[in-house]
Structure formats: C-alpha cells, structure tokens
Amino acid sequence: MSAHAETAHHGPASGISRWILTTNHKDIGTMYLVFSLLMLFVGGSMAFVIRAELFQPGLQMVMPEFFNQMTTMHGLIMVFGAVMPAFVGLANWQIPLMIGAPDMALPRLNNLSFWILPFAFAMLLSTLLMPGGAPDFGWTFYAPLSTTYAPPSVTFFIFAIHMMGISSILGAINVVVTIFNMRAPGMKLMDMPLFVWTWLITAFLLIAVMPVLAAVVTMMLMDVHFGTSFFNAAGGGDPVLFQHVFWFFAHPEVYIMVLPAFGVISQIVPTFARKPLFGYHSMVYATAAIAVMSFIVWAHHMFTVGMPLAGELFFMYTTMLIAVPTGVKVFNWISTMFRGSMTFETPMLFAIAFIVLFTIGGLSGLMLAIAPADFQYHDTYFVVAHFHYVLVPGSVFGIIAGVYYWLPKWCGKMYDEKLGQWHFWLSFIGVNLTFFPMHFVGLAGMPRRIPDYALQFADFNMITSIGAFLFGTTQLLFVYILIKTVRSGKPAEQLPWDGAQGLEWSVPTPAPYHTFSTPPVVGDK
Amino acid sequence: MAQSQPAYYVPPQSHWPIIAAAGLFFTLGGTAVLLHALQQESGGLFGQIMLLSGLLILAGMMIGWFASVIAETRQGLYSPKLDKSFRYGMSWFIFSEVMFFFAFFGTLFYIRVFAVPWLGGEGDKGLASMLWPQFNAAWPLLQAPNPEQFPPIREVINPWHVPLINTILLVTSSFTLWLAHKALKRSDRDRLKLWLGITIILGLGFLALQIMEYFEAYNELDLTLASGIYGATFFMLTGFHGAHVTIGSIILIVLMLRVMRGHFTPDKHFAFEAGAWYWHFVDVVWIFLFTTVYLI
C-alpha cells in the first residue's frame with residue numbers, strides 16, 4: 001500500500017529546505033512564531049521612534065511627515081505582522097496536538113499561508129525607501145487621506161494588504177477544516193479545549209471579514225488609479241463609506257486579535273489553579289456571542305463623523321451589550337481561581353496580568369462606547385491608551401503566556417523560571433508606565449498622531465516614553481530566555497505543570513515531529 | 001486500538017507553496033510597480049516584466065500543484081476523510097467569496113440609500129448639498145455632483161436586452177451543469193460531456209456578451225469607471241462577477257479535459273463538485289446583481 005509508505009514517519013529534512021518546503025504543522029507554527037517575534041521588534045523600533053519624538057514637547061528627532069509614517073507602519077506591522085501571525089503560530093502548534101490530529105487538514109496550503117507573509121511584509125516595508133515615503137495616513141487608512149492625498153507608495157501598501165488578506169483567509173480555512181474534520185474519534189465539539197473553540201470562532205471571523213478588507217482596499221485602488229469615486233463626494237460617493245466598510249472589517253478584527261488570547265488564558269488559569277474551568281459552556285457561548293455581536297457594532301469608531309442620531313444610539317447600545325459576554329469571561333476566570341491551589345509560575349503571572357489589565361482596557365472601552373462622552377475622547381490619547389491596554393497586556397501577554405506554557409512541550413526543555421519572573425515584572429511595570437498616563441493626557445485633550453504637544457502634557461509623556469523604552473528593552477530579555485531554553489534549558493518532564501489537562505500533554509516531551517498519526521480515542525471512559 | 005480507517009494523508013515536502021507565494025508576490029508587486037509607473041508617467045517596462053513573469057509562475061504553479069493533487073488522488077492516497085477536508089475547505093472558500101461580494105453590495109446599498117440622497121439635501125445630513133446646490137439626487141445617477149471631474153452618463157444599460165439574455169444564459173448553464181452532474185453520477189459519460197460542453201459554451205457566451213456590453217457602455221453610453229458613483233459601482237460589481245465567470249469557465253474547461261481523459265467515477269469526483277459549487281455561486285451572485293444593479 002503506497003498510502004502507508006507515503007505517510008510513514010520521517011523526521012525533519014535537513015538544511016533550509018526543511019523550513020521552505022515543509023508541510024509539518026510544528027515547523028510552520030515555529031516559523032509563524034519566529035516571524036511574529038521579528039515583526040514585534042520591527043514594529044517596536046518604530047514605537048521607539050514615536051516615543052523618542054514625544055519624550056519632550058517640540059519637534060526633537062524627526063519630521064512630522066516621518067512621524068506619521070512611523071505611527072502608520074507601527075500599527076500595520078503590529079496588527080498584521082506581530083499579533084495575528086503569533087496566534088496562527090500557536091494555532092498551528094496546538095490545535096492538532098489538542099484535538100489529536102496528525103497535522104493540519106491541508107498541510108501544503110498551510111505552508112503557503114505562512115510564506116505569503118514574508119513577501120507581503122517585504123513589500124510593505126519597502127515603501128519606507130520609496131520617494132514620497134511610506135504610507136502616512138494611519139493604520140486605519142481613512143479616505144481621502146489614503147486616496148486623494150496619499151503618497152505614491154499607497155499602491156504597494158494596497159497590494160501588501162491583499163497578500164496578508166489571502167494569507168489570513170487560507171490560514172483560517174485550514175483551521176476551520178482541521179477543527180471540524182480532524183478531531184480524534186469521540187471528541188465532540190463541546191469536548192474541545194477552549195483554545196480550540198476560540199480559534200474556531202476566530203477563524204470564522206477571519207473568513208468573514210478579511211474579504212471585506214480586500215474589497216475596501218480594492219475600492220481605494222480604483223479611486224487612486226482608475227478614476228472611480230467611491231470615496232469622493234464630487235462623484236456621488238462618500239468618504240464616510242470608507243469608514244463604514246473599513247470598520248465592518250476592523251471591528252471583528254479586534255476580536256480576532258483577542259479571542260485566541262482568551263483561549264490561551266482559559267487553558268492556563270485552570271492549570272495553575274488546579275481546578276477545572278468554572279463554566280466551560282458559558283465560556284463557549286460567551287465567545288460565540290462576542291463574535292456575532294462584533295458584526296453590529298462597527299460604527300462606534302465613527303461617532304463624531306456625523307451619523308444620524310438613530311445610528312449613534314444603535315451602535316452605542318450594541319457596543320455596551322458586548323460587555324455582558326466579556327464580563328461572563330472575566331468572572332469565569334476569577335471563579336476558576338477562587339479557592340484554587342494556586343501557584344504563580346511565569347505563564348500564570350502573565351495570565352493574571354492579562355485578566356486585570358485587559359479588564360481595564362475593556363472598561364475604558366465602555367467609556368468610549370458612550371456616544372456623547374466619545375465626542376470628547378475621540379482621537380485623543382485616551383483611545384490610544386484603551387486599545388493598547390487590550391492589545392499589549394491583552395493580546396501580547398496572552399501570546400507570551402501561551403509561549404511560556406507550551407514551550408516545554410515544544411522543545412523539551414524548561415525555561416529559566418527566575419528569568420521568566422524578571423521578564424514578567426519588568427514587562428508589567430513597563431506596560432503600565434507606558435499606557436496608564438496616556439489615559440490622563442487623553443482625557444485632558446492631547447490628540448493622537450501628532451508629533452508635538454502642549455507643555456502641560458510634558459511630564460506624563462516623559463513617563464510614557466520611559467515606560468515604553470523599559471517595556472521594549474525587556475522583550476530582548478524574552479528573546480534571551482527563549483534562546484537559552486532551546487540551547488541549554490533543563491530537560492522538561494512529560495507533564496511540566498501538574499494541573500495541566502488535555503491531549504497535548506499526552507505526547508512525549510519534546511513532542512515528536514509527527515504526533516497522532518493514529519488518532520487517540522477520547523470521550524468514552 | 002484497532003484502526004479501521006485508512007491513515008490521513010499528510011503530504012511530504014512540497015515546493016509548490018513557495019512557488020505560489022513568489023508568483024503572487026511577482027504578480028501583485030508587478031501590478032503595483034506598473035500602476036505606480038503609470039501614475040508617475042515613467043516607463044512601465046520593469047513592472048510589465050515583473051507582472052508577466054508573476055503570471056507565468058502562477059499559471060505554472062497551478063498546473064503543477066493541481067497535477068500532483070490529481071496524481072495523488074488517482075493513486076488512491078486520499079481517504080474519505082481527506083475528501084471531506086476538501087469539501088469543507090471549498091465551502092469556506094466560497095463563503096469568503098460571498099463576503100467579498102457582500103462588501104460591494106453593501107457599498108451599493110449605502111450609496112443608494114444614504115450617500116446620494118444626503119448629497120441631494122435629504123435628511124439631517126442634507127447639509128452636504130451646500131457644496132453642490134444644483135445637484136439633483138436620482139438613481140441611476142447620470143450626473144455626478146461635479147460633472148467636470150466626473151463626466152455625465154448619457155444613458156444606462158437597458159436591463160431587458162443583453163442583461164436579460166445573460167441572465168437566461170447563466171441560469172440555463174447552472175441547470176445544464178446540474179444535468180452533467182447527474183449524468184456523471186449514473187456513469188453516462190456521453191451525456192456528461194454533452195451537458196458540460198453546453199455549460200461551457202453558455203458561460204463563454206455570457207462573457208462575450210458582457211464584453212460587448214462594456215464596449216457599448218464606453219463607446220455609446222459614456223458609462224465609464226470615471227463617470228461618478230453609478231459607473232464605479234456598476235463596473236466594480238459586474239467586473240468582479242465577470243472575473244469570477246472567467247475563472248469558473250477555466251475550471252469547467254479543465255474539468256472537461258479531465259472528463260475526456262476518463263477521470264472521475266460516479267462516487268468520487270470532488271473536483272467536479274467543487275467546480276459546480278463555484279459555478280452555482282457565481283450564478284447566484286448574478287441574480288442579485290441583475291436585480292440590484294440593472295433592474296431596480
């Protein structure tokens with residue numbers, strides 16, 4: 001039987017071809033994670049430029065034009081290059097291990113999804129070297145800034161976005177197919193670990209909204225090059241239309257960037273509290289509810305654009321409703337920890353910080369959801385504080401927690417716990433020092449995306465900049481910890497965490513190159 | 001743990017994905033270089049070469065990748081479970097296409113229901129009419145608020161001529177493709193070839209008429225991409241639909257070639273079904289398009 005010959009176990013190929021031609025979910029997961037870490041530093045260095053400029057009032061380091069390019073590229077790279085690929089990397093490693101599948105359902109497509117990304121970001125980053133500079137219209141690329149008044153490099157930006165979109169859609173299709181079709185016999189949907197559930201719902205969101213992003217950049221392309229007037233009122237179009245289509249994509253997108261982190265936290269908290277998750281079903285339903293509602297809240301990003309009153313009210317109330325399922329999640333995590341036998345290893349520290357700081361970000365989101373109040377907050381640093389609280393100690397801490405949690409299984413070595421704790425505390429202090437003062441300057445009226453500010457904001461901005469340098473530099477420690485673990489970490493045990501449950505812990509440590517070639521049987525005890 | 005199911009086929013290393021990624025980069029990058037050069041009014045030779053080589057790489061990749069998948073399936077490497085993966089994959093891909101068109105239909109809806117009436121002075125956002133006080137909001141919008149920048153349309157396409165014929169062609173083609181599928185399932189290879197052939201002819205006929213309609217729009221009706229929002233939405237929706245019919249026709253032609261070589265059995269013919277799903281999807285989009293773009 002050739003079928004058996006072809007799928008017989010073989011180790012990784014040697015040399016660079018292992019990575020370029022691979023169909024192995026673990027290799028591809030590793031590539032996604034490494035790529036994302038690289039992009040974290042590229043985007044982070046842009047944040048350094050921004051914070052260096054804002055260290056003191058007045059124009060210090062860079063021209064305003066370049067400052068705009070930095071804010072734009074920082075946002076794009078962090079969203080599409082750091083956070084999203086990191087979650088796809090975690091999905092690639094963990095989903096087959098957690099559901100007992102031999103690999104992702106469509107392994108070659110999986111490789112394609114990854115390898116589009118380096119090309120896409122090469123294209124995006126090349127705009128920095130072009131005459132007229134990189135895109136400078138903000139990561140939200142509102143028309144007409146991104147059409148009529150865009151630098152010539154906008155064309156490359158559009159096609160780079162197209163490539164990232166194709167990569168995301170293909171990756172998400174792979175995730176959905178894997179989860180629906182490749183579960184071990186006996187594992188029902190409601191038996192799946194929460195990380196798998198949150199990724200299933202995230203993948204659904206990706207497939208639903210990435211095409212909308214493709215549509216909106218296509219309309220931009222047409223307006224820039226082919227004389228159409230989608231976003232030009234002189235031709236009967238409407239610049240506000242751009243914002244509607246964009247946010248129809250981008251609001252679900254923000255949940256795409258946090259739902260898998262919810263999944264990671266829901267795996268970690270029960271392990272270190274040594275108690276099962278308080279309410280598995282309510283967690284699944286809450287995730288689904290957040291995903292469904294993410295489609296009907298988009299215009300809360302546009303309260304000041306001049307919508308009809310009915311629209312303002314509708315989007316205000318739907319937005320506030322999202323706090324209900326999110327609250328269900330937060331209470332779930334807290335109840336899981338309540339009376340647990342808690343220990344505080346690095347993954348758990350990041351998970352607890354996630355719960356606390358994400359809740360702060362969620363609450364400032366509720367403040368922003370109130371339309372009349374948003375008229376004051378709109379486009380101030382309060383908004384910047386809000387979304388960085390949900391993205392950095394939210395998504396990024398979730399990713400880091402997941403990496404520490406599963407790293408022993410991946411590479412068979414244990415990270416240095418003491419260094420991990422240092423990494424956590426420095427990150428925790430850095431992140432709060434960076435983003436908490438932004439609330440104050442924002443409420444006092446400091447506008448975002450401006451390279452200069454009034455004198456009364458000077459102290460808080462200096463604190464923010466110091467915090468940012470601390471947080472950014474601390475991540476070099478993370479890289480050091482990772483390298484040290486892989487090269488000379490102590491061998492990890494089969495079950496490195498004594499409260500951990502799930503199929504991923506049933507395979508040897510480190511996880512062999514091929515796992516679950518014959519599916520495990522689960523469910524019937 | 002006796003396993004009655006055959007092992008799930010995990011393919012060995014493959015060079016097609018990286019070729020696909022490079023091809024995509026050259027195609028899109030080449031297009032960007034070319035458009036950028038046209039915008040700057042400098043020579044576009046480099047962009048043309050890049051675009052052309054990208055398209056060649058993509059075409060070669062498609063042929064090679066699909067050929068290896070076809071070879072694998074004919075060797076019997078694919079289990080029923082893998083077949084199911086393909087089915088799920090194709091369905092979700094079509095769902096992503098649905099969302100792509102949804103964005104354009106949503107745009108049309110927003111323009112017609114909100115943007116154009118507001119430009120004409122309606123509702124509490126009607127203050128926009130101060131910019132162009134002489135603007136008359138109507139649909140089809142023949143004259144844009146600024147007709148110097150966006151020259152007016154003389155006349156829109158009459159839905160009861162070419163578009164109606166095209167509707168009949170596409171709906172019939174969905175029906176004939178269904179007949180071809182039925183014939184395949186009962187191993188009637190002659191009927192299969194006949195109905196599949198007719199489907200392809202109907203699809204190509206649709207494309208020919210659509211191209212003629214575009215010529216008429218540009219040359220006689222002054223309906224162009226640059227004639228304001230009516231032209232923009234019209235060409236965006238019909239253009240992307242036409243592109244999908246083109247892709248669908250290519251898929252059907254490839255299926256025809258495979259049928260001629262004796263591929264597909266009455267119970268194993270996923271590629272045929274996937275092509276058929278795609279074709280029916282394109283047909284459904286047209287029904288929406290015919291109603292909302294041409295008719296009302």
# chains A, B, ... in the order shown; residues from 1 in each chain; ligands from 1
$ interface_residues --of "chain B" --to "chain A" --cutoff "7 Å" --atoms "only C-alpha atoms" --output "number ranges by chain"
B: 9-15, 17-18, 21, 25, 28, 32, 36, 77, 85, 88-89, 92, 96, 99-100, 103-104, 111, 115-116, 144-146, 150, 225-226, 228-229, 232
$ residues_around --residues "Ile165 of chain B" --least-positions-apart "6" --cutoff "10 Å" --atoms "only C-alpha atoms" --output "PyMOL selection string"
chain B and resi 159+205-206+209
$ select_by_dssp --residues "segment 40-264 of chain A" --states "alpha helix (DSSP H)" --output "PyMOL selection string"
chain A and resi 40-53+64-76+84-99+107-126+154-181+194-225+239-256+259-264
$ write_last_selection --atoms "C-alpha atoms" --output "compact mmCIF listing (two decimals), in the first residue's frame"
# COMPACT_ATOMS: atom_id res chain seq x y z
CA LEU A 40 7.38 42.69 17.06
CA PHE A 41 10.86 44.19 17.07
CA VAL A 42 10.43 45.94 13.72
CA GLY A 43 7.14 47.47 14.85
CA GLY A 44 8.61 48.07 18.29
CA SER A 45 11.53 50.04 16.91
CA MET A 46 9.00 52.30 15.18
CA ALA A 47 7.29 52.76 18.53
CA PHE A 48 10.73 53.74 19.89
CA VAL A 49 10.95 56.48 17.25
CA ILE A 50 7.49 57.70 18.19
CA ARG A 51 8.24 57.73 21.92
CA ALA A 52 11.63 59.35 21.41
CA GLU A 53 9.98 62.16 19.48
CA PRO A 64 6.18 65.33 11.16
CA GLU A 65 5.89 63.51 7.80
CA PHE A 66 8.18 60.74 9.04
CA PHE A 67 6.37 60.66 12.38
CA ASN A 68 3.13 59.94 10.51
CA GLN A 69 4.82 57.15 8.59
CA MET A 70 6.00 55.67 11.86
CA THR A 71 2.57 55.68 13.53
CA THR A 72 1.07 54.12 10.39
CA MET A 73 3.67 51.42 9.92
CA HIS A 74 3.84 50.66 13.64
CA GLY A 75 0.12 49.93 13.69
CA LEU A 76 0.07 47.90 10.49
CA MET A 84 -2.10 37.85 14.05
CA PRO A 85 0.79 35.60 12.91
CA ALA A 86 1.66 34.81 16.54
CA PHE A 87 -1.83 33.45 17.11
CA VAL A 88 -1.70 31.48 13.86
CA GLY A 89 1.62 30.08 15.07
CA LEU A 90 0.06 28.99 18.36
CA ALA A 91 -2.87 27.50 16.42
CA ASN A 92 -0.53 25.56 14.18
CA TRP A 93 1.37 24.06 17.06
CA GLN A 94 -1.51 23.47 19.40
CA ILE A 95 -4.70 22.69 17.52
CA PRO A 96 -3.51 19.37 16.03
CA LEU A 97 -1.97 18.42 19.38
CA MET A 98 -5.07 19.37 21.33
CA ILE A 99 -7.59 17.57 19.13
CA PRO A 107 -0.69 20.93 5.06
CA ARG A 108 0.56 22.39 1.78
CA LEU A 109 -1.95 25.21 1.97
CA ASN A 110 -0.68 25.80 5.48
CA ASN A 111 2.84 26.31 4.17
CA LEU A 112 1.53 28.74 1.53
CA SER A 113 -0.34 30.77 4.18
CA PHE A 114 2.90 31.33 6.01
CA TRP A 115 5.22 32.00 3.10
CA ILE A 116 2.98 34.72 1.67
CA LEU A 117 3.70 36.77 4.79
CA PRO A 118 7.45 37.45 4.34
CA PHE A 119 6.74 38.58 0.77
CA ALA A 120 3.87 40.79 1.91
CA PHE A 121 5.92 42.47 4.62
CA ALA A 122 8.90 42.87 2.31
CA MET A 123 6.54 44.81 0.05
CA LEU A 124 5.11 46.85 2.90
CA LEU A 125 8.49 47.69 4.42
CA SER A 126 9.95 48.59 1.01
CA VAL A 154 -0.05 53.63 -1.40
CA THR A 155 -0.24 51.23 -4.36
CA PHE A 156 2.31 48.93 -2.73
CA PHE A 157 0.50 49.24 0.58
CA ILE A 158 -2.73 48.09 -1.10
CA PHE A 159 -1.16 45.02 -2.65
CA ALA A 160 0.69 44.15 0.56
CA ILE A 161 -2.66 44.22 2.37
CA HIS A 162 -4.11 41.98 -0.34
CA MET A 163 -1.36 39.44 0.27
CA MET A 164 -1.82 39.50 4.04
CA GLY A 165 -5.55 39.01 3.49
CA ILE A 166 -5.03 36.00 1.24
CA SER A 167 -2.66 34.51 3.81
CA SER A 168 -5.15 35.02 6.64
CA ILE A 169 -8.09 33.59 4.72
CA LEU A 170 -6.19 30.48 3.67
CA GLY A 171 -4.86 30.01 7.20
CA ALA A 172 -8.32 30.44 8.69
CA ILE A 173 -9.90 27.98 6.25
CA ASN A 174 -7.26 25.47 7.30
CA VAL A 175 -8.07 25.99 10.98
CA VAL A 176 -11.82 25.57 10.47
CA VAL A 177 -11.40 22.45 8.35
CA THR A 178 -8.94 20.95 10.82
CA ILE A 179 -11.24 21.52 13.77
CA PHE A 180 -14.36 20.27 12.02
CA ASN A 181 -12.81 17.25 10.37
CA LEU A 194 -11.24 26.33 24.90
CA PHE A 195 -8.19 27.39 22.92
CA VAL A 196 -9.54 25.31 20.04
CA TRP A 197 -13.01 26.77 20.47
CA THR A 198 -11.82 30.36 20.50
CA TRP A 199 -9.70 29.70 17.42
CA LEU A 200 -12.64 28.11 15.60
CA ILE A 201 -14.67 31.24 16.19
CA THR A 202 -11.72 33.49 15.32
CA ALA A 203 -11.20 31.63 12.06
CA PHE A 204 -14.86 32.12 11.22
CA LEU A 205 -14.45 35.86 11.83
CA LEU A 206 -11.32 35.93 9.65
CA ILE A 207 -13.04 34.24 6.73
CA ALA A 208 -15.97 36.62 7.09
CA VAL A 209 -14.11 39.93 7.29
CA MET A 210 -10.77 39.62 5.50
CA PRO A 211 -12.62 39.67 2.14
CA VAL A 212 -14.24 42.93 3.23
CA LEU A 213 -10.77 44.38 3.83
CA ALA A 214 -9.80 43.18 0.37
CA ALA A 215 -12.88 44.92 -1.03
CA VAL A 216 -12.14 48.22 0.68
CA VAL A 217 -8.51 48.38 -0.46
CA THR A 218 -9.67 47.42 -3.95
CA MET A 219 -12.03 50.38 -3.97
CA MET A 220 -9.13 52.56 -2.82
CA LEU A 221 -7.02 51.23 -5.67
CA MET A 222 -9.79 52.06 -8.12
CA ASP A 223 -10.15 55.57 -6.74
CA VAL A 224 -6.40 56.18 -6.89
CA HIS A 225 -5.70 54.74 -10.33
CA PRO A 239 -15.61 59.32 2.29
CA VAL A 240 -17.69 58.10 5.23
CA LEU A 241 -18.45 54.98 3.18
CA PHE A 242 -14.78 54.12 3.53
CA GLN A 243 -15.05 54.23 7.30
CA HIS A 244 -18.15 52.05 7.31
CA VAL A 245 -16.59 49.34 5.13
CA PHE A 246 -13.25 49.57 6.91
CA TRP A 247 -14.73 49.24 10.39
CA PHE A 248 -17.03 46.47 9.28
CA PHE A 249 -13.75 44.64 8.77
CA ALA A 250 -11.76 46.16 11.58
CA HIS A 251 -14.12 45.73 14.47
CA PRO A 252 -14.33 41.94 14.10
CA GLU A 253 -10.58 42.21 13.51
CA VAL A 254 -10.01 43.47 17.04
CA TYR A 255 -11.78 40.38 18.37
CA ILE A 256 -9.69 38.26 16.01
CA LEU A 259 -10.31 35.79 21.20
CA PRO A 260 -7.39 33.33 20.84
CA ALA A 261 -5.79 35.05 23.83
CA PHE A 262 -9.00 34.33 25.78
CA GLY A 263 -8.47 30.73 24.75
CA VAL A 264 -4.88 30.67 25.96
$ closest_residue --among "B:Phe215, B:Phe264, B:Ser249, B:Val254" --to "Arg186 of chain B" --atoms "only C-alpha atoms"
B:Phe264
$ residues_around --residues "Thr346 of chain A" --least-positions-apart "4" --cutoff "7 Å" --atoms "only C-alpha atoms" --output "PyMOL selection string"
chain A and resi 350+404+417+420-421+424
$ write_last_selection --atoms "N, CA and C atoms" --output "PDB file, in the first residue's frame"
ATOM      1  N   PHE A 350       1.562  36.023  33.728  1.00  0.00           N
ATOM      2  CA  PHE A 350       1.084  36.748  32.550  1.00  0.00           C
ATOM      3  C   PHE A 350      -0.432  36.609  32.399  1.00  0.00           C
ATOM      4  N   TYR A 404       5.228  30.580  27.086  1.00  0.00           N
ATOM      5  CA  TYR A 404       5.847  30.003  28.285  1.00  0.00           C
ATOM      6  C   TYR A 404       5.178  28.689  28.681  1.00  0.00           C
ATOM      7  N   GLU A 417      12.974  29.748  35.243  1.00  0.00           N
ATOM      8  CA  GLU A 417      11.825  30.356  35.919  1.00  0.00           C
ATOM      9  C   GLU A 417      12.157  31.735  36.495  1.00  0.00           C
ATOM     10  N   GLY A 420      12.163  34.185  33.808  1.00  0.00           N
ATOM     11  CA  GLY A 420      10.777  34.373  33.384  1.00  0.00           C
ATOM     12  C   GLY A 420      10.066  35.359  34.293  1.00  0.00           C
ATOM     13  N   GLN A 421      10.304  35.217  35.606  1.00  0.00           N
ATOM     14  CA  GLN A 421       9.661  36.134  36.547  1.00  0.00           C
ATOM     15  C   GLN A 421      10.167  37.574  36.335  1.00  0.00           C
ATOM     16  N   PHE A 424       8.469  38.920  33.390  1.00  0.00           N
ATOM     17  CA  PHE A 424       7.099  39.338  33.681  1.00  0.00           C
ATOM     18  C   PHE A 424       7.056  40.677  34.403  1.00  0.00           C
TER      19      PHE A 424
END
$ residues_around --residues "Ser282 of chain A" --least-positions-apart "3" --cutoff "12 Å" --atoms "only C-alpha atoms" --output "list in words"
Met190, Leu194, Leu277, Phe278, Gly279, Tyr285, Ala286, Thr287, Ala288, Ala289, Ile290, Val324, Pro325, Thr326, Gly327, Val328, Lys329, Val330, Phe331, Asn332 and Trp333 of chain A
$ closest_residue --among "B:Ala208, B:Leu55, B:Val98, B:Leu202" --to "Leu169 of chain B" --atoms "only C-alpha atoms"
B:Leu202
$ atom_distance --atom1 "atom CA of His386 of chain A" --atom2 "atom CA of Phe460 of chain A"
16.2 Å
$ residues_around --residues "segment 131-143 of chain B" --least-positions-apart "5" --cutoff "9 Å" --atoms "only C-alpha atoms" --output "PyMOL selection string"
(chain A and resi 234-236) or (chain B and resi 112+116-121+150-156+223+227-231+296)
$ atom_distance --atom1 "atom CA of Leu321 of chain A" --atom2 "atom CA of Ala371 of chain A"
14.0 Å
$ residues_around --residues "Ile211 of chain B" --least-positions-apart "4" --cutoff "12 Å" --atoms "only C-alpha atoms" --output "VMD selection string"
chain B and resid 162 to 163 166 204 to 207 215 to 218 235 238 to 239 242 to 243 246
$ write_last_selection --atoms "C-alpha atoms" --output "JSON list (two decimals), in the first residue's frame"
[["chain", "number", "residue", "atom", "x", "y", "z"],
["B", 162, "VAL", "CA", -28.25, 42.00, -23.08],
["B", 163, "PRO", "CA", -28.55, 41.63, -19.27],
["B", 166, "ASN", "CA", -27.19, 36.97, -19.92],
["B", 204, "LEU", "CA", -18.32, 31.79, -22.71],
["B", 205, "GLY", "CA", -21.39, 33.25, -24.42],
["B", 206, "PHE", "CA", -22.15, 35.19, -21.27],
["B", 207, "LEU", "CA", -18.60, 36.54, -21.21],
["B", 215, "PHE", "CA", -17.82, 48.30, -25.29],
["B", 216, "GLU", "CA", -21.30, 49.72, -25.74],
["B", 217, "ALA", "CA", -21.15, 51.38, -22.32],
["B", 218, "TYR", "CA", -17.82, 53.03, -23.04],
["B", 235, "PHE", "CA", -18.21, 48.24, -13.19],
["B", 238, "THR", "CA", -20.21, 43.41, -12.92],
["B", 239, "GLY", "CA", -16.43, 43.40, -13.37],
["B", 242, "GLY", "CA", -17.23, 38.72, -14.84],
["B", 243, "ALA", "CA", -13.81, 37.84, -13.45],
["B", 246, "THR", "CA", -13.91, 33.72, -16.32]]
$ residues_around --residues "Phe436 of chain A" --least-positions-apart "5" --cutoff "9 Å" --atoms "only C-alpha atoms" --output "MDAnalysis selection string"
chainID A and resid 385 389 431 464
